[in-house]
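Undergrad: Next up is a structure, given as structure tokens.
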Amino acid sequence: MRKGLLPGIFVLAVVMSFAPSGPLQAAQTIKIGINAPLTGDIPKVGEGTKFAAQMWLEDVKKAGGITVGKRKIPVELVLEDNESKAESAVKVATKMITEDDVLVMIGPQASKQAVPAGGIANNYKTPMISPWSTNPDTTKDRPYVFRACFLDPFQGPVLANFITSEFKFTKAAVLYDVASDYPKGLAEFFKQAWEKLHGKGSVVAYESFTTKDTDFSSQLTKIINSGAQVLFTPQYYNEVALIVQQAHQLGWKKPIVGSDSWGSAELVNLCGKDCYGDFFSTHYAAAGAKGATKAFIDRYKAKYGYVPDDVAALTWDSMNLAQTAIRNTGGLTGDLKKDRENVRNALARIKKFKGITGEMTFSGTGDPSKCAVIVKISDKGEFTFFKSVCP
Amino acid sequence: MVIFLQNLVNALQWGSFYALIALGYSMVYSILMLFNFAHGDIFMVGAYIGFGVSVGLIGLAHSGLLPMPHWLILVLTILVSMFLTSFVGMIVERVGYRPLRNAPRASAAITGLMIGIILETGNLILLGARRVSFPSLIETATYDVGGVILTNKKIMIVGVSLLLSLALHQFVRRTKWGMAMRAMAFDSVVVPLMGVPLNTMAALTFAIGSALAAAAGILFGVAYPVLDPYMGIVFGWKAFVAAILGGRGSILGATLAGFLLGFTEIFVAMVFPSTLRDLIAYSIILLILTFRPHGFFGEPYSARLRL
């Protein structure tokens, strides 16, 4: 009893000394949560998240904190590992929001974790920004959840517009896996957008196959003889390699266009020279980047020794989105609940935010209107920036 | 017409794989009265062995130790991989099937499935889930023959598979071992009593079947250079269908049925929406089997003593 008394008094004294600080002085530091997959299936994604966030923190520290109203408020990162699991992401989100009192949560990255964690953030009315999750469900009917990337249904129209304006083609062929959600969805979105531009029947071949198929000669023969001017195939990189090679072996010499599922370093390994000169849409292109994007890439590369992938770039943008929103609130009240609400409202109103992955505009919802990047596979097999296409 | 001829060429290539794999099924079945359900995975192992051998040979050629042209590497890859894979087949027979020689048929079938899973997952552990890119051993040359596009690879694939089928046919018809096999297929109870060693014959059959599967695997790698550990499953099923369709133990039948399967798949996709390809293609096969339950060249089982 006696033993416990002294520390007890001490603790009490410490608590007392902080207690009167009250709401007005509570915003001494801004806490930002990073919910990242540092271990598990996709540790590389977690690493990119962490590095990008730390680089951002460096800048903020150098500037003496985030300027909100007339004050500069220092920032603290709360970095937690969600093990690339949905249930851990939920746990981490709950802990950050209820115990660590974060103002904003960045992450999780993959939709598998971002969809459930978004539910938690929304229930606790805490703004969350997922840099990388493209699944519509992440932000659907959740006013507090945002993202820094485009959505799956967006790429179809983007590519249709790109092909139309770049090549002036009017007849397209589509080859997709009917048994996989992502390609099937994207093929449909593309077809709709293309027919809107060029009228019914302008998709002259709409061919499909099933997952694990390796021979596409029959479908490709149809496509080649359909008079199509371009082939769109929203497949994953391993199938892309087979499709592109077989198309060339059957005499196809026209462009082949894909979606962000092409964007793996493995693509060129598997596909080789056949894929050179083809295009796909994605979030950002490292090779041939200019301006702020190049500055980010160079700095990241110098610091960590490799070219950052789209996750790192999108995380960087998310951090800056959060910073902009906090600044736009005009001042923090110190009442966490109120501040979270204010940050959320500020985020939803961000216009023309200049990110390194493109310009973003939020209009009330969690999904930005932003441009996609069209990447051309160069003659050296690099993914080079070709142009950006806006909705 | 051009489209028809183009698809004919496509079908010949696609059917070549079925034909080569079906031969292995058919031979094992005729000698041992069991279906080696691991055969599709032996095809996969053959492709991976081919990958290893060709990468090794390319390394050897490029290091200057043993300079050789790429076509020679391809020929050597096929031969060496067929040789090595035949041992995989013999090991499978020795470990998986020989102990079950007198066990019920179902046990052997289950063993085959399990060996298949072991081969797949073993490969997964050994090389990881990453797809492997089969090295491009010969430059693709395309020829335009009146609108029909041929490639040197297509010609080679069809040629090699026909050649191997023919060689096997000759082996079974003309040699002493071939005669023993035919005898065994005729009656596997009495023939061993005449001094034909059952175990040697079983091992030989597995070795030949696996070597053919390895050849198919390498040709597959040449045409579709993305390998993954599960690539053999669907091929195994479909080649199994071809083996049944061809008729028990018939080399000619298995080859023919393999090509027929390729034709059906390709031409169904040509006429109907490609989504319905397998549905329609295999409905047709089912229909054929309804009228010819023993396949093209098979004989009714009731003509034999055992079932």
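Letters for chains follow the order of the structure tokens (A, B, ...), residue numbers begin at 1 for each chain, and ligand numbers begin at 1 in the order shown.
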Write out as a tab-separated table the residues of chain A that have any atom within 8 Å of an atom of chain B, one row each with the nearest atom pair and its distance in Å to one decimal, counting only C-alpha atoms, sorted by chain and then rising number.
TA:
```
residue	atom	partner	partner_atom	distance
A:Val178	CA	B:Thr275	CA	7.1
A:Glu207	CA	B:Ser274	CA	6.2
A:Ser208	CA	B:Thr275	CA	5.6
A:Phe209	CA	B:Thr275	CA	5.8
A:Thr210	CA	B:Thr275	CA	7.4
A:Lys212	CA	B:Met231	CA	7.5
A:Thr214	CA	B:Tyr224	CA	6.8
A:Asp215	CA	B:Trp14	CA	7.5
A:Ser217	CA	B:Asn10	CA	6.1
A:Ser218	CA	B:Ile266	CA	5.5
A:Gln219	CA	B:Ala269	CA	6.8
A:Thr221	CA	B:Ile3	CA	7.0
A:Lys222	CA	B:Met270	CA	6.9
A:Asn225	CA	B:Ile3	CA	7.4
A:Asn238	CA	B:Val226	CA	6.9
A:Ala241	CA	B:Val226	CA	7.7
A:Leu242	CA	B:Tyr224	CA	6.1
A:Gln249	CA	B:Thr142	CA	6.6
A:Leu250	CA	B:Ile149	CA	5.7
A:Gly251	CA	B:Ile149	CA	6.4
A:Asn269	CA	B:Ser133	CA	7.2
A:Leu270	CA	B:Ser133	CA	5.2
```
Undergrad: Neighbouring residues of Ala52 in chain A were defined as those with any atom within 7 Å, considering only C-alpha atoms; residues of the same chain fewer than 4 positions away were excluded. Please report them as a CSV table (one decimal) with N, CA, C and O atoms, in the first residue's frame.
TA:
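Written output follows (around.csv):
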```csv
chain,number,residue,atom,x,y,z
A,48,GLY,N,6.9,1.0,-49.3
A,48,GLY,CA,6.7,2.2,-50.0
A,48,GLY,C,5.9,3.2,-49.3
A,48,GLY,O,6.2,4.4,-49.3
A,56,TRP,N,7.8,12.7,-46.3
A,56,TRP,CA,6.9,13.8,-46.1
A,56,TRP,C,7.1,14.4,-44.7
A,56,TRP,O,7.1,15.6,-44.6
A,312,ALA,N,4.0,4.3,-53.5
A,312,ALA,CA,4.7,5.3,-52.8
A,312,ALA,C,4.3,6.7,-53.3
A,312,ALA,O,4.1,7.6,-52.5
A,315,THR,N,0.9,7.5,-51.9
A,315,THR,CA,1.0,7.8,-50.5
A,315,THR,C,1.5,9.2,-50.3
A,315,THR,O,0.9,10.0,-49.4
A,316,TRP,N,2.5,9.6,-51.0
A,316,TRP,CA,3.0,10.9,-50.9
A,316,TRP,C,1.9,11.9,-51.2
A,316,TRP,O,1.7,12.9,-50.5
```
Undergrad: Got a sec to tell me which of range 178-387 of chain A DSSP assigns to strand (DSSP E or B), as a VMD selection string?
TA: chain A and resid 203 to 209 230 to 232 256 to 258 279 to 282 287 353 to 355 358 to 361 369 to 370 372 to 377 383 to 387
Undergrad: May I have the residues from that selection written out with N, CA and C atoms, as a CSV table (one decimal), in the first residue's frame?
TA:
```csv
chain,number,residue,atom,x,y,z
A,203,VAL,N,-17.6,-1.6,-81.5
A,203,VAL,CA,-16.7,-2.7,-81.0
A,203,VAL,C,-16.9,-3.9,-81.9
A,204,VAL,N,-16.1,-4.1,-82.8
A,204,VAL,CA,-16.3,-5.1,-83.9
A,204,VAL,C,-16.1,-6.5,-83.4
A,205,ALA,N,-15.3,-6.7,-82.4
A,205,ALA,CA,-15.1,-8.0,-81.8
A,205,ALA,C,-15.0,-7.9,-80.3
A,206,TYR,N,-15.9,-8.7,-79.7
A,206,TYR,CA,-15.9,-8.6,-78.2
A,206,TYR,C,-15.7,-10.1,-77.7
A,207,GLU,N,-14.5,-10.5,-77.6
A,207,GLU,CA,-14.1,-11.9,-77.4
A,207,GLU,C,-13.7,-12.1,-76.0
A,208,SER,N,-14.0,-13.3,-75.5
A,208,SER,CA,-13.6,-13.6,-74.2
A,208,SER,C,-12.9,-15.0,-74.1
A,209,PHE,N,-12.4,-15.3,-72.9
A,209,PHE,CA,-11.8,-16.6,-72.6
A,209,PHE,C,-12.0,-16.8,-71.1
A,230,VAL,N,-7.7,-1.5,-83.3
A,230,VAL,CA,-7.0,-1.6,-82.0
A,230,VAL,C,-7.5,-2.7,-81.2
A,231,LEU,N,-6.7,-3.3,-80.4
A,231,LEU,CA,-7.1,-4.3,-79.5
A,231,LEU,C,-7.0,-3.9,-78.0
A,232,PHE,N,-8.1,-4.0,-77.3
A,232,PHE,CA,-8.0,-3.6,-75.9
A,232,PHE,C,-8.1,-4.9,-75.0
A,256,ILE,N,-1.9,-2.4,-79.3
A,256,ILE,CA,-2.7,-3.2,-78.3
A,256,ILE,C,-2.6,-2.3,-77.0
A,257,VAL,N,-3.8,-2.1,-76.4
A,257,VAL,CA,-3.9,-1.2,-75.3
A,257,VAL,C,-4.4,-2.0,-74.1
A,258,GLY,N,-3.9,-1.7,-72.9
A,258,GLY,CA,-4.3,-2.3,-71.7
A,258,GLY,C,-4.6,-1.4,-70.5
A,279,PHE,N,0.5,0.4,-75.2
A,279,PHE,CA,0.1,1.4,-74.2
A,279,PHE,C,-0.8,0.8,-73.1
A,280,PHE,N,-0.7,1.4,-71.9
A,280,PHE,CA,-1.7,1.0,-70.9
A,280,PHE,C,-1.9,2.2,-70.0
A,281,SER,N,-3.0,2.2,-69.3
A,281,SER,CA,-3.3,3.3,-68.4
A,281,SER,C,-2.9,2.9,-67.0
A,282,THR,N,-2.4,3.9,-66.2
A,282,THR,CA,-2.1,3.6,-64.9
A,282,THR,C,-2.1,4.9,-64.0
A,287,ALA,N,9.4,6.5,-65.4
A,287,ALA,CA,10.4,6.9,-66.5
A,287,ALA,C,9.8,8.1,-67.2
A,353,PHE,N,-5.9,20.0,-56.7
A,353,PHE,CA,-4.7,19.7,-55.9
A,353,PHE,C,-3.7,19.2,-56.8
A,354,LYS,N,-2.5,19.8,-56.8
A,354,LYS,CA,-1.4,19.4,-57.7
A,354,LYS,C,-0.6,18.2,-57.1
A,355,GLY,N,-1.0,17.0,-57.4
A,355,GLY,CA,-0.3,15.9,-56.8
A,355,GLY,C,0.8,15.4,-57.8
A,358,GLY,N,-0.8,13.5,-60.5
A,358,GLY,CA,-1.8,14.2,-61.3
A,358,GLY,C,-2.7,15.2,-60.5
A,359,GLU,N,-3.5,15.9,-61.1
A,359,GLU,CA,-4.3,16.9,-60.4
A,359,GLU,C,-5.6,16.3,-60.0
A,360,MET,N,-5.9,16.6,-58.7
A,360,MET,CA,-7.1,16.0,-58.1
A,360,MET,C,-8.1,17.0,-57.7
A,361,THR,N,-9.4,16.8,-57.9
A,361,THR,CA,-10.5,17.6,-57.5
A,361,THR,C,-11.5,16.8,-56.8
A,369,SER,N,-11.7,13.4,-58.8
A,369,SER,CA,-11.7,13.4,-60.3
A,369,SER,C,-10.3,13.7,-60.6
A,370,LYS,N,-9.6,12.7,-61.2
A,370,LYS,CA,-8.2,12.9,-61.6
A,370,LYS,C,-7.8,12.3,-62.9
A,372,ALA,N,-5.8,10.0,-65.6
A,372,ALA,CA,-5.0,8.8,-65.6
A,372,ALA,C,-3.7,9.0,-66.5
A,373,VAL,N,-2.7,8.3,-66.2
A,373,VAL,CA,-1.5,8.4,-67.0
A,373,VAL,C,-1.5,7.3,-68.1
A,374,ILE,N,-1.2,7.7,-69.3
A,374,ILE,CA,-1.1,6.6,-70.3
A,374,ILE,C,0.4,6.4,-70.5
A,375,VAL,N,0.8,5.1,-70.3
A,375,VAL,CA,2.2,4.7,-70.3
A,375,VAL,C,2.5,4.0,-71.7
A,376,LYS,N,3.6,4.3,-72.3
A,376,LYS,CA,4.0,3.6,-73.5
A,376,LYS,C,5.2,2.7,-73.1
A,377,ILE,N,5.2,1.5,-73.5
A,377,ILE,CA,6.3,0.6,-73.2
A,377,ILE,C,7.4,1.0,-74.3
A,383,PHE,N,8.6,1.6,-68.8
A,383,PHE,CA,7.3,2.2,-68.8
A,383,PHE,C,7.4,3.7,-68.9
A,384,THR,N,7.3,4.4,-70.0
A,384,THR,CA,7.5,5.8,-70.1
A,384,THR,C,6.2,6.5,-70.2
A,385,PHE,N,6.2,7.7,-69.6
A,385,PHE,CA,5.0,8.6,-69.6
A,385,PHE,C,4.7,9.0,-71.0
A,386,PHE,N,3.5,8.8,-71.5
A,386,PHE,CA,3.1,9.2,-72.8
A,386,PHE,C,2.2,10.4,-72.8
A,387,LYS,N,1.1,10.3,-72.1
A,387,LYS,CA,0.3,11.5,-71.9
A,387,LYS,C,-0.7,11.3,-70.8
```
Undergrad: Can you tell me, as a VMD selection string, which residues in range 223-276 of chain B count as helix (DSSP H, G or I) by DSSP?
TA: chain B and resid 223 231 to 246 251 to 271 274 to 276
Undergrad: Select from range 24-98 of chain A every residue with an atom at most 12 Å from any atom of range 320-334 of chain A, then for each give the shortest pair of atoms and their distance in Å to one decimal, using only C-alpha atoms, rows by chain and rising number, as a tab-separated table.
TA:
```
residue	atom	partner	partner_atom	distance
A:Leu24	CA	A:Gly334	CA	5.3
A:Gln25	CA	A:Gly334	CA	6.4
A:Ala26	CA	A:Gly334	CA	4.9
A:Ala27	CA	A:Gly334	CA	4.7
A:Gln28	CA	A:Gly334	CA	8.3
A:Thr29	CA	A:Gly334	CA	9.8
A:Ile30	CA	A:Ile326	CA	9.4
A:Lys31	CA	A:Ala322	CA	11.2
A:Ile32	CA	A:Ala322	CA	8.8
A:Gly33	CA	A:Ala322	CA	11.0
A:Ile34	CA	A:Ala322	CA	11.8
A:Ala52	CA	A:Asn320	CA	10.7
A:Ala53	CA	A:Asn320	CA	9.7
A:Met55	CA	A:Asn320	CA	11.3
A:Trp56	CA	A:Asn320	CA	7.9
A:Leu57	CA	A:Asn320	CA	10.2
A:Asp59	CA	A:Asn320	CA	10.7
A:Val60	CA	A:Gln323	CA	9.3
A:Gly65	CA	A:Gln323	CA	10.0
A:Ile66	CA	A:Gln323	CA	7.0
A:Thr67	CA	A:Arg327	CA	6.2
A:Val68	CA	A:Arg327	CA	4.8
A:Gly69	CA	A:Gly330	CA	4.6
A:Lys70	CA	A:Gly331	CA	7.7
A:Arg71	CA	A:Gly331	CA	8.1
A:Lys72	CA	A:Arg327	CA	9.9
A:Ile73	CA	A:Leu332	CA	9.5
A:Pro74	CA	A:Gln323	CA	11.6
A:Val75	CA	A:Gln323	CA	10.0
```
Undergrad: Go ahead and save the residues from that selection, with C-alpha atoms, as an mmCIF file, in the first residue's frame.
TA:
```cif
data_model
loop_
_atom_site.group_PDB
_atom_site.id
_atom_site.type_symbol
_atom_site.label_atom_id
_atom_site.label_comp_id
_atom_site.auth_asym_id
_atom_site.auth_seq_id
_atom_site.Cartn_x
_atom_site.Cartn_y
_atom_site.Cartn_z
ATOM 1 C CA LEU A 24 -7.756 25.331 -26.641
ATOM 2 C CA GLN A 25 -4.238 24.064 -26.147
ATOM 3 C CA ALA A 26 -4.845 20.395 -26.966
ATOM 4 C CA ALA A 27 -3.802 20.782 -30.583
ATOM 5 C CA GLN A 28 -0.142 20.897 -29.634
ATOM 6 C CA THR A 29 0.662 18.194 -32.135
ATOM 7 C CA ILE A 30 -1.209 16.753 -35.050
ATOM 8 C CA LYS A 31 -1.211 12.981 -35.147
ATOM 9 C CA ILE A 32 -1.529 11.236 -38.473
ATOM 10 C CA GLY A 33 -2.079 7.504 -38.553
ATOM 11 C CA ILE A 34 -0.422 5.303 -41.188
ATOM 12 C CA ALA A 52 6.918 8.047 -48.625
ATOM 13 C CA ALA A 53 5.307 9.040 -45.315
ATOM 14 C CA MET A 55 9.922 11.632 -46.500
ATOM 15 C CA TRP A 56 6.860 13.788 -46.114
ATOM 16 C CA LEU A 57 7.432 14.054 -42.355
ATOM 17 C CA ASP A 59 9.702 18.113 -45.083
ATOM 18 C CA VAL A 60 7.119 19.066 -42.510
ATOM 19 C CA GLY A 65 5.138 21.829 -38.731
ATOM 20 C CA ILE A 66 1.925 22.412 -40.626
ATOM 21 C CA THR A 67 0.787 25.990 -40.783
ATOM 22 C CA VAL A 68 -2.800 26.127 -39.621
ATOM 23 C CA GLY A 69 -4.263 29.577 -39.378
ATOM 24 C CA LYS A 70 -1.513 31.619 -37.785
ATOM 25 C CA ARG A 71 0.254 28.817 -35.953
ATOM 26 C CA LYS A 72 2.715 26.155 -36.923
ATOM 27 C CA ILE A 73 1.746 22.836 -35.382
ATOM 28 C CA PRO A 74 4.241 19.958 -35.247
ATOM 29 C CA VAL A 75 3.212 16.601 -36.654
#
```
Undergrad: Here is a test: counting only C-alpha atoms, which residue of B:Ala239, B:Val92, B:Leu34, B:Val196 is nearest to Ala216 in chain B?
TA: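 Closest to Ala216 in chain B of all the choices is B:Ala239.
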Undergrad: Excluding Gly249 in chain B and residues on its chain fewer than 5 positions from it, collect all residues at most 10 Å away from it, counting only C-alpha atoms, and give them as a VMD selection string.
TA: chain B and resid 23 to 31 33 181 to 182 185 to 186 243 to 244 254 297 to 299
Undergrad: Got time to write the residues from that selection, C-alpha atoms, as a tab-separated table (two decimals), in the first residue's frame?
TA:
```tsv
chain	number	residue	atom	x	y	z
B	23	LEU	CA	-0.62	-40.88	-75.85
B	24	GLY	CA	0.80	-41.20	-72.33
B	25	TYR	CA	-2.62	-41.70	-70.81
B	26	SER	CA	-3.59	-44.20	-73.39
B	27	MET	CA	-0.44	-46.32	-73.12
B	28	VAL	CA	-0.52	-46.56	-69.35
B	29	TYR	CA	-4.17	-47.44	-69.46
B	30	SER	CA	-3.73	-50.17	-72.00
B	31	ILE	CA	-0.94	-51.88	-70.06
B	33	MET	CA	-5.68	-50.66	-66.72
B	181	MET	CA	3.42	-54.12	-74.70
B	182	ARG	CA	0.77	-55.14	-77.15
B	185	ALA	CA	-2.46	-54.81	-73.34
B	186	PHE	CA	-4.20	-57.89	-74.64
B	243	ALA	CA	-7.38	-40.73	-74.68
B	244	ILE	CA	-10.87	-42.07	-74.02
B	254	ALA	CA	-5.13	-41.04	-79.20
B	297	PHE	CA	-10.41	-47.47	-82.20
B	298	GLY	CA	-11.32	-49.12	-78.90
B	299	GLU	CA	-12.91	-52.52	-78.59
```
Undergrad: So that I can check the surroundings of Thr200 in chain B, please list as a compact mmCIF listing (two decimals) with N, CA, C and O atoms, in the first residue's frame every protein, DNA and RNA residue that reaches within 12 Å of it, counting only C-alpha atoms and ignoring chain neighbours fewer than 3 positions away.
TA:
```txt
# COMPACT_ATOMS: atom_id res chain seq x y z
N ILE B 31 -1.80 -50.89 -70.67
CA ILE B 31 -0.94 -51.88 -70.06
C ILE B 31 -1.39 -52.20 -68.63
O ILE B 31 -1.45 -53.36 -68.23
N LEU B 32 -1.70 -51.14 -67.86
CA LEU B 32 -1.95 -51.35 -66.44
C LEU B 32 -3.42 -51.20 -66.06
O LEU B 32 -3.76 -51.34 -64.88
N MET B 90 9.07 -42.79 -64.19
CA MET B 90 9.38 -44.10 -63.58
C MET B 90 9.32 -44.02 -62.05
O MET B 90 8.89 -44.95 -61.39
N GLU B 93 5.80 -44.10 -60.99
CA GLU B 93 5.27 -45.47 -61.08
C GLU B 93 5.75 -46.31 -59.90
O GLU B 93 4.98 -47.01 -59.25
N ARG B 94 7.06 -46.17 -59.63
CA ARG B 94 7.66 -47.00 -58.57
C ARG B 94 7.09 -46.66 -57.20
O ARG B 94 6.72 -47.54 -56.42
N ARG B 98 3.27 -48.90 -58.11
CA ARG B 98 3.66 -50.31 -57.94
C ARG B 98 3.16 -50.91 -56.63
O ARG B 98 2.65 -52.03 -56.64
N TRP B 177 10.04 -55.11 -77.63
CA TRP B 177 9.39 -54.46 -76.48
C TRP B 177 7.98 -54.03 -76.83
O TRP B 177 7.07 -54.15 -76.03
N ALA B 180 5.78 -56.92 -76.70
CA ALA B 180 5.45 -57.25 -75.30
C ALA B 180 4.36 -56.34 -74.78
O ALA B 180 3.44 -56.77 -74.07
N MET B 181 4.44 -55.08 -75.15
CA MET B 181 3.42 -54.12 -74.70
C MET B 181 2.06 -54.48 -75.27
O MET B 181 1.05 -54.46 -74.55
N MET B 184 0.76 -57.41 -73.48
CA MET B 184 0.33 -57.05 -72.14
C MET B 184 -1.02 -56.35 -72.20
O MET B 184 -1.88 -56.57 -71.35
N PRO B 192 2.29 -61.99 -68.24
CA PRO B 192 3.42 -62.06 -67.30
C PRO B 192 3.84 -63.51 -66.99
O PRO B 192 5.01 -63.79 -66.74
N GLY B 195 6.60 -64.93 -69.02
CA GLY B 195 7.96 -64.43 -68.85
C GLY B 195 8.16 -62.98 -69.21
O GLY B 195 9.28 -62.50 -69.23
N VAL B 196 7.08 -62.28 -69.51
CA VAL B 196 7.23 -60.83 -69.74
C VAL B 196 7.20 -60.13 -68.38
O VAL B 196 6.22 -60.28 -67.65
N PRO B 197 8.28 -59.44 -68.01
CA PRO B 197 8.33 -58.84 -66.67
C PRO B 197 7.37 -57.65 -66.55
O PRO B 197 7.54 -56.65 -67.23
N ALA B 203 7.31 -49.78 -65.96
CA ALA B 203 8.27 -48.68 -65.90
C ALA B 203 8.52 -48.12 -67.30
O ALA B 203 8.55 -46.90 -67.50
N LEU B 204 8.65 -49.01 -68.27
CA LEU B 204 8.90 -48.58 -69.64
C LEU B 204 7.75 -47.73 -70.17
O LEU B 204 7.94 -46.68 -70.80
N THR B 205 6.54 -48.20 -69.88
CA THR B 205 5.37 -47.46 -70.34
C THR B 205 5.33 -46.06 -69.75
O THR B 205 5.09 -45.07 -70.46
N PHE B 206 5.58 -46.00 -68.45
CA PHE B 206 5.58 -44.69 -67.80
C PHE B 206 6.69 -43.81 -68.36
O PHE B 206 6.50 -42.61 -68.55
N ALA B 207 7.84 -44.42 -68.61
CA ALA B 207 8.97 -43.64 -69.13
C ALA B 207 8.62 -43.04 -70.50
O ALA B 207 8.84 -41.85 -70.73
```
Undergrad: Please report the interatomic distance between CA of Lys294 in chain A and CA of Thr134 in chain A in Å with one decimal.
TA: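 CA of Thr134 in chain A lies 24.2 Å from CA of Lys294 in chain A.
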Undergrad: Find the spatial neighbours of range 100-112 of chain B, counting only C-alpha atoms, within a cut-off of 8 Å - ignore same-chain residues fewer than 5 positions away - and output them as a VMD selection string.
TA: chain B and resid 34 to 38
Undergrad: Kindly save the residues from that selection, with C-alpha atoms included, as an mmCIF file, in the first residue's frame.
TA:
```cif
data_model
loop_
_atom_site.group_PDB
_atom_site.id
_atom_site.type_symbol
_atom_site.label_atom_id
_atom_site.label_comp_id
_atom_site.auth_asym_id
_atom_site.auth_seq_id
_atom_site.Cartn_x
_atom_site.Cartn_y
_atom_site.Cartn_z
ATOM 1 C CA LEU B 34 -5.299 -47.481 -64.730
ATOM 2 C CA PHE B 35 -5.426 -43.826 -65.534
ATOM 3 C CA ASN B 36 -2.400 -41.943 -64.388
ATOM 4 C CA PHE B 37 -4.089 -38.773 -63.237
ATOM 5 C CA ALA B 38 -0.718 -37.216 -62.472
#
```
